[in-house]
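One file, my_file-v9.txt, is given below (compact mmCIF, C-alpha atoms and all ligand atoms).
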```
# COMPACT_ATOMS: atom_id res chain seq x y z
CA MET A 9 -126.81 -101.37 214.37
CA SER A 10 -130.64 -101.49 214.69
CA LYS A 11 -132.83 -102.76 211.89
CA ALA A 12 -132.46 -100.49 208.89
CA TYR A 13 -135.19 -98.67 207.03
CA VAL A 14 -135.56 -100.22 203.57
CA GLU A 15 -137.41 -98.27 200.89
CA PRO A 16 -139.76 -100.57 198.93
CA ALA A 17 -138.88 -99.55 195.34
CA PRO A 18 -136.93 -96.83 193.58
CA ALA A 19 -139.07 -93.86 192.54
CA ASP A 20 -139.16 -92.91 188.88
CA SER A 21 -138.44 -89.22 188.32
CA THR A 22 -141.69 -88.80 186.38
CA THR A 23 -143.63 -89.62 189.53
CA VAL A 24 -141.83 -86.84 191.38
CA PHE A 25 -141.17 -84.02 188.89
CA LYS A 26 -143.36 -82.40 186.20
CA ASN A 27 -143.08 -84.19 182.86
CA ASP A 28 -142.27 -81.21 180.63
CA ILE A 29 -139.80 -79.22 182.73
CA PHE A 30 -136.99 -79.71 180.16
CA LYS A 31 -139.09 -79.19 177.01
CA GLY A 32 -136.97 -77.49 174.33
CA LYS A 33 -133.72 -78.19 176.21
CA VAL A 34 -130.74 -80.19 174.96
CA LEU A 35 -128.42 -82.44 176.99
CA PHE A 36 -124.84 -83.37 176.04
CA CYS A 37 -123.67 -86.39 178.06
CA THR A 38 -120.27 -88.08 177.93
CA GLY A 39 -120.40 -91.72 178.98
CA GLY A 40 -124.14 -91.70 178.22
CA GLY A 41 -124.08 -95.01 176.35
CA SER A 42 -124.27 -97.14 179.47
CA GLY A 43 -124.70 -97.40 183.23
CA ILE A 44 -125.38 -94.45 185.47
CA CYS A 45 -125.00 -91.83 182.73
CA LYS A 46 -127.47 -93.61 180.46
CA ALA A 47 -130.04 -93.58 183.28
CA MET A 48 -129.33 -89.89 183.91
CA THR A 49 -129.86 -89.18 180.21
CA GLU A 50 -133.08 -91.15 180.08
CA ALA A 51 -134.53 -89.20 183.00
CA VAL A 52 -133.66 -85.82 181.47
CA MET A 53 -135.18 -86.94 178.14
CA LYS A 54 -138.33 -88.20 179.87
CA HIS A 55 -138.84 -84.64 181.07
CA GLY A 56 -138.77 -83.26 177.52
CA ALA A 57 -135.13 -82.76 176.47
CA ASN A 58 -133.37 -84.09 173.38
CA ALA A 59 -129.88 -85.47 173.97
CA THR A 60 -126.50 -86.32 172.53
CA ILE A 61 -124.66 -89.24 174.09
CA VAL A 62 -120.88 -89.46 173.63
CA GLY A 63 -118.67 -92.53 173.85
CA ARG A 64 -115.88 -94.44 172.20
CA LYS A 65 -117.77 -97.38 170.66
CA LEU A 66 -120.23 -96.17 168.04
CA ASP A 67 -122.18 -99.41 167.61
CA ARG A 68 -122.93 -99.66 171.35
CA LEU A 69 -123.64 -95.93 171.49
CA GLN A 70 -126.09 -96.06 168.56
CA ALA A 71 -127.95 -98.98 170.13
CA SER A 72 -128.27 -97.00 173.37
CA ALA A 73 -129.42 -93.88 171.49
CA ASN A 74 -132.13 -95.92 169.78
CA GLU A 75 -133.24 -97.36 173.13
CA LEU A 76 -133.30 -93.94 174.79
CA ALA A 77 -135.34 -92.42 171.95
CA ALA A 78 -137.82 -95.32 172.04
CA ALA A 79 -138.18 -95.14 175.83
CA THR A 80 -138.74 -91.37 175.95
CA GLY A 81 -140.22 -90.24 172.63
CA ARG A 82 -137.40 -87.68 172.32
CA GLN A 83 -134.48 -87.52 169.88
CA CYS A 84 -131.07 -88.91 170.82
CA LEU A 85 -127.89 -88.44 168.79
CA ALA A 86 -124.98 -90.87 169.15
CA ALA A 87 -121.67 -89.00 168.71
CA GLN A 88 -118.45 -90.98 168.79
CA ALA A 89 -115.61 -89.30 170.70
CA ASP A 90 -112.89 -90.20 173.16
CA VAL A 91 -112.97 -87.51 175.87
CA ARG A 92 -109.16 -87.56 175.85
CA ASN A 93 -109.29 -86.07 172.34
CA PRO A 94 -110.38 -82.38 172.26
CA LYS A 95 -110.93 -82.37 168.49
CA GLN A 96 -113.28 -85.37 168.63
CA LEU A 97 -115.26 -83.67 171.41
CA GLN A 98 -115.47 -80.43 169.42
CA ASP A 99 -116.83 -82.44 166.48
CA ALA A 100 -119.44 -84.06 168.76
CA VAL A 101 -120.49 -80.62 169.98
CA ALA A 102 -120.69 -79.33 166.38
CA LYS A 103 -122.93 -82.28 165.42
CA THR A 104 -125.16 -81.51 168.41
CA ILE A 105 -125.51 -77.85 167.43
CA GLU A 106 -126.18 -78.81 163.82
CA LYS A 107 -128.96 -81.19 164.87
CA PHE A 108 -130.50 -79.48 167.89
CA GLY A 109 -129.26 -75.86 167.70
CA ARG A 110 -128.28 -75.49 171.36
CA ILE A 111 -126.88 -77.16 174.48
CA ASP A 112 -128.43 -76.44 177.89
CA PHE A 113 -127.16 -79.26 180.07
CA VAL A 114 -123.86 -81.13 180.17
CA ILE A 115 -123.11 -84.31 182.09
CA CYS A 116 -119.39 -85.05 182.35
CA GLY A 117 -119.66 -88.75 183.05
CA ALA A 118 -117.05 -90.64 181.03
CA ALA A 119 -114.75 -92.51 183.42
CA GLY A 120 -112.34 -95.39 183.69
CA ASN A 121 -111.59 -97.62 186.63
CA PHE A 122 -109.92 -100.82 187.80
CA LEU A 123 -108.44 -102.03 191.06
CA ALA A 124 -104.68 -101.74 191.47
CA PRO A 125 -102.39 -101.02 194.44
CA ILE A 126 -99.94 -98.14 194.06
CA ALA A 127 -97.02 -100.53 194.14
CA LYS A 128 -98.31 -102.37 191.09
CA LEU A 129 -100.04 -99.59 189.17
CA SER A 130 -98.01 -98.57 186.12
CA GLU A 131 -97.35 -94.92 185.24
CA ASN A 132 -99.50 -95.37 182.18
CA GLY A 133 -102.31 -96.92 184.23
CA PHE A 134 -102.37 -93.90 186.56
CA LYS A 135 -102.09 -91.47 183.66
CA THR A 136 -104.84 -93.17 181.65
CA VAL A 137 -107.48 -92.70 184.37
CA ILE A 138 -106.39 -89.09 185.00
CA GLU A 139 -106.67 -88.47 181.26
CA ILE A 140 -110.17 -89.98 180.99
CA ASP A 141 -111.71 -88.61 184.21
CA THR A 142 -109.96 -85.30 184.83
CA ILE A 143 -108.65 -84.12 181.47
CA GLY A 144 -111.76 -85.58 179.81
CA THR A 145 -113.88 -83.37 182.09
CA TYR A 146 -111.75 -80.32 181.27
CA ASN A 147 -111.97 -81.08 177.53
CA THR A 148 -115.75 -81.45 177.75
CA ILE A 149 -116.11 -78.15 179.59
CA LYS A 150 -113.91 -76.35 177.05
CA ALA A 151 -115.85 -77.77 174.09
CA THR A 152 -119.30 -76.89 175.49
CA LEU A 153 -118.76 -73.67 177.46
CA PRO A 154 -119.60 -71.15 174.68
CA HIS A 155 -122.94 -72.90 174.15
CA LEU A 156 -123.72 -72.98 177.88
CA ARG A 157 -122.96 -69.29 178.12
CA ALA A 158 -125.51 -68.74 175.34
CA SER A 159 -128.18 -70.87 177.04
CA LYS A 160 -127.22 -70.00 180.66
CA GLY A 161 -126.95 -73.71 181.18
CA SER A 162 -125.86 -76.15 183.83
CA TYR A 163 -123.14 -78.79 184.33
CA ILE A 164 -123.26 -81.98 186.38
CA HIS A 165 -119.99 -83.87 186.84
CA VAL A 166 -120.19 -87.49 187.96
CA SER A 167 -117.60 -87.94 190.68
CA ALA A 168 -117.34 -90.42 193.56
CA THR A 169 -117.02 -90.55 197.35
CA LEU A 170 -114.00 -92.82 197.57
CA HIS A 171 -111.46 -89.97 197.57
CA TYR A 172 -112.82 -88.47 200.82
CA ARG A 173 -110.71 -91.09 202.60
CA GLY A 174 -107.92 -93.43 201.62
CA THR A 175 -109.63 -96.09 199.53
CA PRO A 176 -107.21 -98.90 198.79
CA TYR A 177 -106.42 -99.78 195.15
CA GLN A 178 -108.06 -96.56 193.97
CA VAL A 179 -105.24 -94.01 193.89
CA HIS A 180 -105.73 -93.20 190.21
CA VAL A 181 -109.50 -92.69 190.50
CA SER A 182 -109.20 -90.89 193.85
CA ALA A 183 -106.70 -88.40 192.44
CA ALA A 184 -108.78 -87.98 189.28
CA LYS A 185 -112.10 -87.41 191.06
CA ALA A 186 -110.61 -84.99 193.61
CA ALA A 187 -109.46 -82.94 190.63
CA VAL A 188 -112.92 -83.17 189.05
CA ASP A 189 -114.48 -81.84 192.29
CA ALA A 190 -112.03 -78.93 192.29
CA THR A 191 -112.66 -78.22 188.61
CA SER A 192 -116.42 -78.02 189.18
CA ALA A 193 -115.98 -75.58 192.07
CA VAL A 194 -113.80 -73.27 189.97
CA LEU A 195 -116.22 -73.50 187.06
CA ALA A 196 -119.08 -72.57 189.39
CA VAL A 197 -117.41 -69.41 190.67
CA GLU A 198 -115.91 -68.28 187.35
CA GLU A 199 -119.02 -68.87 185.26
CA GLY A 200 -121.71 -68.06 187.85
CA PRO A 201 -121.76 -64.44 186.65
CA ASN A 202 -122.53 -65.78 183.14
CA GLY A 203 -125.57 -67.64 184.47
CA ILE A 204 -123.94 -71.06 184.46
CA ARG A 205 -124.22 -73.54 187.34
CA SER A 206 -121.86 -76.45 188.00
CA ASN A 207 -122.44 -79.23 190.52
CA ILE A 208 -121.14 -82.69 191.36
CA ILE A 209 -123.15 -85.85 191.84
CA ALA A 210 -121.12 -88.33 193.87
CA PRO A 211 -122.68 -91.79 193.54
CA GLY A 212 -122.14 -94.24 196.35
CA PRO A 213 -122.65 -97.99 195.85
CA ILE A 214 -125.13 -98.26 192.97
CA ALA A 215 -126.39 -101.73 192.05
CA GLY A 216 -125.81 -103.17 188.60
CA THR A 217 -123.17 -100.66 187.49
CA GLU A 218 -119.77 -101.35 185.98
CA GLY A 219 -118.12 -99.43 188.81
CA MET A 220 -119.84 -101.57 191.45
CA ASP A 221 -119.03 -104.77 189.58
CA ARG A 222 -115.39 -103.79 189.30
CA LEU A 223 -115.03 -102.64 192.89
CA SER A 224 -117.17 -104.97 194.96
CA SER A 225 -117.10 -108.51 193.64
CA LYS A 226 -113.64 -108.70 192.09
CA GLY A 227 -111.83 -106.66 194.71
CA PRO A 228 -109.21 -108.08 197.01
CA ASP A 229 -111.37 -106.85 199.89
CA GLY A 230 -114.72 -108.00 198.42
CA ASN A 231 -117.19 -108.02 201.33
CA SER A 232 -120.49 -109.87 200.92
CA ASN A 233 -121.98 -108.25 204.05
CA TYR A 234 -121.50 -104.77 202.64
CA THR A 235 -125.17 -103.79 202.22
CA MET A 236 -125.94 -104.74 205.83
CA HIS A 237 -123.78 -101.87 206.94
CA LEU A 238 -125.31 -99.20 204.73
CA PRO A 239 -127.50 -96.79 206.75
CA LEU A 240 -130.44 -97.20 204.33
CA GLY A 241 -129.89 -100.94 204.22
CA ARG A 242 -129.56 -101.38 200.48
CA LEU A 243 -127.47 -100.54 197.45
CA GLY A 244 -128.56 -97.52 195.43
CA ASP A 245 -130.45 -97.75 192.16
CA VAL A 246 -129.53 -95.82 189.01
CA LYS A 247 -132.93 -94.11 189.40
CA ASP A 248 -131.67 -92.54 192.61
CA ILE A 249 -128.93 -90.83 190.58
CA ALA A 250 -131.42 -89.95 187.84
CA ASN A 251 -133.70 -88.19 190.35
CA ALA A 252 -130.81 -86.14 191.71
CA THR A 253 -129.92 -85.19 188.12
CA VAL A 254 -133.41 -83.96 187.30
CA PHE A 255 -133.48 -81.91 190.49
CA LEU A 256 -130.07 -80.30 189.91
CA PHE A 257 -130.84 -79.36 186.30
CA SER A 258 -134.33 -78.09 187.21
CA PRO A 259 -135.20 -74.50 188.12
CA ALA A 260 -135.81 -75.76 191.67
CA ALA A 261 -132.00 -75.87 192.02
CA ARG A 262 -131.40 -72.44 190.47
CA TYR A 263 -129.50 -71.15 193.56
CA ILE A 264 -127.40 -74.30 193.95
CA THR A 265 -123.95 -74.22 192.40
CA GLY A 266 -120.47 -75.40 193.32
CA GLN A 267 -121.98 -78.17 195.45
CA VAL A 268 -121.32 -81.88 195.82
CA LEU A 269 -124.44 -84.01 196.21
CA ALA A 270 -123.52 -87.47 197.48
CA VAL A 271 -126.19 -90.02 196.56
CA ASP A 272 -124.91 -92.85 198.69
CA GLY A 273 -127.58 -93.89 201.20
CA GLY A 274 -125.59 -92.24 203.98
CA ALA A 275 -122.61 -94.56 203.48
CA GLU A 276 -120.04 -91.77 203.67
CA HIS A 277 -121.21 -90.69 207.13
CA LEU A 278 -121.12 -94.13 208.70
CA ARG A 279 -118.41 -94.92 211.20
CA THR A 280 -119.00 -98.18 213.06
CA LEU A 281 -118.02 -98.62 216.72
CA GLN A 282 -114.85 -100.67 217.03
C1 LIG A 301 -103.77 -102.68 186.36
C2 LIG A 301 -104.43 -101.81 184.32
C3 LIG A 301 -105.66 -102.49 184.40
C4 LIG A 301 -105.90 -103.32 185.56
C5 LIG A 301 -105.64 -101.35 182.56
N1 LIG A 301 -104.48 -101.11 183.17
N2 LIG A 301 -106.41 -102.18 183.29
N3 LIG A 301 -103.49 -101.89 185.29
N4 LIG A 301 -104.93 -103.36 186.50
N5 LIG A 301 -107.02 -104.00 185.71
C6 LIG A 301 -103.39 -100.32 182.66
C7 LIG A 301 -102.85 -100.95 181.40
O1 LIG A 301 -101.97 -102.02 181.70
C8 LIG A 301 -102.13 -99.78 180.76
O2 LIG A 301 -100.88 -99.53 181.35
C9 LIG A 301 -103.03 -98.61 181.12
O3 LIG A 301 -103.80 -99.02 182.26
C10 LIG A 301 -103.96 -98.24 180.00
O4 LIG A 301 -104.74 -99.38 179.67
P1 LIG A 301 -105.46 -99.52 178.25
O5 LIG A 301 -106.27 -100.75 178.30
O6 LIG A 301 -104.46 -99.36 177.15
O7 LIG A 301 -106.35 -98.21 178.20
P2 LIG A 301 -107.76 -98.00 177.59
O8 LIG A 301 -108.05 -98.99 176.51
O9 LIG A 301 -107.87 -96.57 177.27
O10 LIG A 301 -108.74 -98.37 178.80
C11 LIG A 301 -108.94 -97.46 179.84
C12 LIG A 301 -109.28 -98.20 181.13
C13 LIG A 301 -110.44 -99.17 180.88
C14 LIG A 301 -109.59 -97.23 182.21
C15 LIG A 301 -108.03 -98.99 181.51
O11 LIG A 301 -110.67 -99.93 182.02
C16 LIG A 301 -111.67 -98.42 180.50
O12 LIG A 301 -111.75 -97.76 179.46
N6 LIG A 301 -112.73 -98.49 181.22
C17 LIG A 301 -113.91 -97.71 180.89
C18 LIG A 301 -115.08 -98.26 181.53
C19 LIG A 301 -115.02 -98.14 183.02
O13 LIG A 301 -114.00 -98.45 183.64
N7 LIG A 301 -116.13 -97.78 183.64
C20 LIG A 301 -116.26 -97.85 185.03
C21 LIG A 301 -116.10 -96.55 185.60
S1 LIG A 301 -116.58 -96.73 187.26
P3 LIG A 301 -99.48 -100.11 180.72
O14 LIG A 301 -98.44 -99.64 181.70
O15 LIG A 301 -99.63 -101.59 180.67
O16 LIG A 301 -99.34 -99.47 179.37
C22 LIG A 301 -116.06 -95.43 188.04
C23 LIG A 301 -116.66 -95.34 189.40
C24 LIG A 301 -115.67 -94.94 190.43
O17 LIG A 301 -115.34 -94.62 187.59
C25 LIG A 301 -116.32 -94.90 191.80
C26 LIG A 301 -117.13 -96.09 192.13
C27 LIG A 301 -117.70 -96.06 193.54
```
Once you've parsed the file, please lay out its structure as structure tokens.
Ligand code: HXC
Amino acid sequence: MSKAYVEPAPADSTTVFKNDIFKGKVLFCTGGGSGICKAMTEAVMKHGANATIVGRKLDRLQASANELAAATGRQCLAAQADVRNPKQLQDAVAKTIEKFGRIDFVICGAAGNFLAPIAKLSENGFKTVIEIDTIGTYNTIKATLPHLRASKGSYIHVSATLHYRGTPYQVHVSAAKAAVDATSAVLAVEEGPNGIRSNIIAPGPIAGTEGMDRLSSKGPDGNSNYTMHLPLGRLGDVKDIANATVFLFSPAARYITGQVLAVDGGAEHLRTLQ
């Protein structure tokens, strides 16, 4: 392959989009205490929204909420819930309504992952990831939908690209994310008439994330030359996902629903000559 184009530095969303486009809006984000979803939340807050972040570990969640509020000047509520538990999610939604009065945007981001071949993956291991990723997404939609109907709001589900082909050691996540993609498409067509949009962001290889750490360095097929083969010549940055988030929630995307936006530097389209 010829020498790749390498972008000098990741753009911050505030250099690209107007600062106050989400003023008065409220985000509800599962998995928002860390990684990609925390960066997505920060970007939405930087553009004026208040937010609730949802996760299992309250101490870590509260520390992240404090950081997000300090970094953005907006309010951030930490609400403890396991997305596998509908009642806990309903309570998190109730706390959000009590504090902020509305929900406009939802990010379904809570996920679980580890590497395991089918032959060694236990039934409970498979089921656990389906329960977190797929049923957790369903539970989040069910808990928030009445409020999104009221606000004519928008969903973003964090999926992946690995289920487009047979990715080894990822049967649980592949099955779970394929179901998330399908769920988003159905949500888009059923709730479009109520003014609700639903889209997928499918992150590719994003530097410094738990997913990347789990899949690249510790994997049986760990490949140190990986970035050389990416069309844009580098790993993604969480800001790349944040920018896509701001766009999809913004009025500029008002006619976009039921779509999958892969933010992967072109990785999914690359097929090398044998
Ligand atoms: C094989 C494993 C395993 C491993 C857990 N299990 N880890 N099997 N290899 N490394 C099995 C356990 O043995 C058990 O089955 C079952 O899974 C449930 O495990 P628990 O630890 O009891 O479950 P829990 O505490 O709920 O933890 C859930 C988890 C955990 C998914 C296993 O890793 C987790 O919560 N992770 C959250 C954080 C995370 O993974 N974030 C990264 C997401 S990245 P048995 O049979 O023993 O009872 C991502 C990106 C994807 O999603 C795309 C990237 C490109």
Let me know the centre plus edge lengths, in Å and rounded to one decimal, of a box with edges along x, y and z that contains all listed atoms of ligand LIG 301 (chain A) and is padded by 8 Å on every side, as lines of an AutoDock Vina configuration file.
```
center_x = -108.1
center_y = -99.3
center_z = 185.0
size_x = 35.3
size_y = 25.4
size_z = 33.0
```
> Between A:Val91, A:Ile204, A:Leu66, A:Ala119, which one has atoms that come closest to ligand LIG 301 (chain A), using only C-alpha atoms and all ligand atoms?
Replying inline: A:Ala119
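Distances here use only C-alpha atoms; by that measure, the residue among A:Glu276, A:Asp20, A:Glu50, A:Asp189 closest to Ser206 of chain A is A:Asp189.
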> What do you get as an MDAnalysis selection string if you pick all residues at most 8 Å from ligand LIG 301 (chain A), counting all atoms listed in the file?
Replying inline: chainID A and resid 118:124 128:137 140:141 167:170 181 211:214 217:220 222:223
> Smallest atom-to-atom distance to Ala210 of chain A: which of A:Leu240, A:Glu198, A:Asp272, A:Ile115, using all atoms listed in the file?
Replying inline: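 With all atoms listed in the file as the atom set, the closest residue is A:Asp272.
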>> Quick one: residues within 9 Å of Lys247 of chain A, only C-alpha atoms, excluding same-chain residues fewer than 2 positions away - as a list in words?
In response: Pro18, Ala19, Asp20, Ser21, Ile44, Ala47, Met48, Ala51, Gly244, Asp245, Ile249, Ala250, Asn251 and Ala252 of chain A
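Comparing A:Val254, A:Leu69, A:Ala260, A:Val34 by their smallest distance to Leu156 of chain A, the closest is A:Val34 (using all atoms listed in the file).
If you look at atom CA of Val268 of chain A and atom CA of Gly41 of chain A, they are 23.6 Å away from each other.
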> If you measure from atom CA of Val62 of chain A to atom CA of His165 of chain A, what distance in Å do you get, rounded to one decimal?
Replying inline: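 That distance, rounded to one decimal, is 14.4 Å.
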>> Neighbouring residues of Leu278 of chain A were defined as those with any atom within 10 Å, considering all atoms listed in the file; residues of the same chain fewer than 4 positions away were excluded. Please report them as a PyMOL selection string.
In response: chain A and resi 237-239+273-274
Atoms to include: C-alpha atoms. Write the selected residues as a compact mmCIF listing (two decimals), keeping the file's coordinate frame.
```
# COMPACT_ATOMS: atom_id res chain seq x y z
CA HIS A 237 -123.78 -101.87 206.94
CA LEU A 238 -125.31 -99.20 204.73
CA PRO A 239 -127.50 -96.79 206.75
CA GLY A 273 -127.58 -93.89 201.20
CA GLY A 274 -125.59 -92.24 203.98
```
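Minimum distance to Val194 of chain A across A:Thr265, A:Thr175, A:Thr152, A:Asn93 (counting all atoms listed in the file) occurs at A:Thr265.
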>> Please determine, counting all atoms listed in the file, which residue among A:Lys103, A:Val197, A:Val271, A:Ala187 has the shortest atom-to-atom distance to Thr253 of chain A.
In response: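 Going through A:Lys103, A:Val197, A:Val271, A:Ala187 one by one, the smallest distance to Thr253 of chain A is for A:Val271.
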> By how many Å are atom CA of Gln70 of chain A and atom CA of Leu85 of chain A apart?
Replying inline: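 Here the two named atoms are 7.8 Å from each other.
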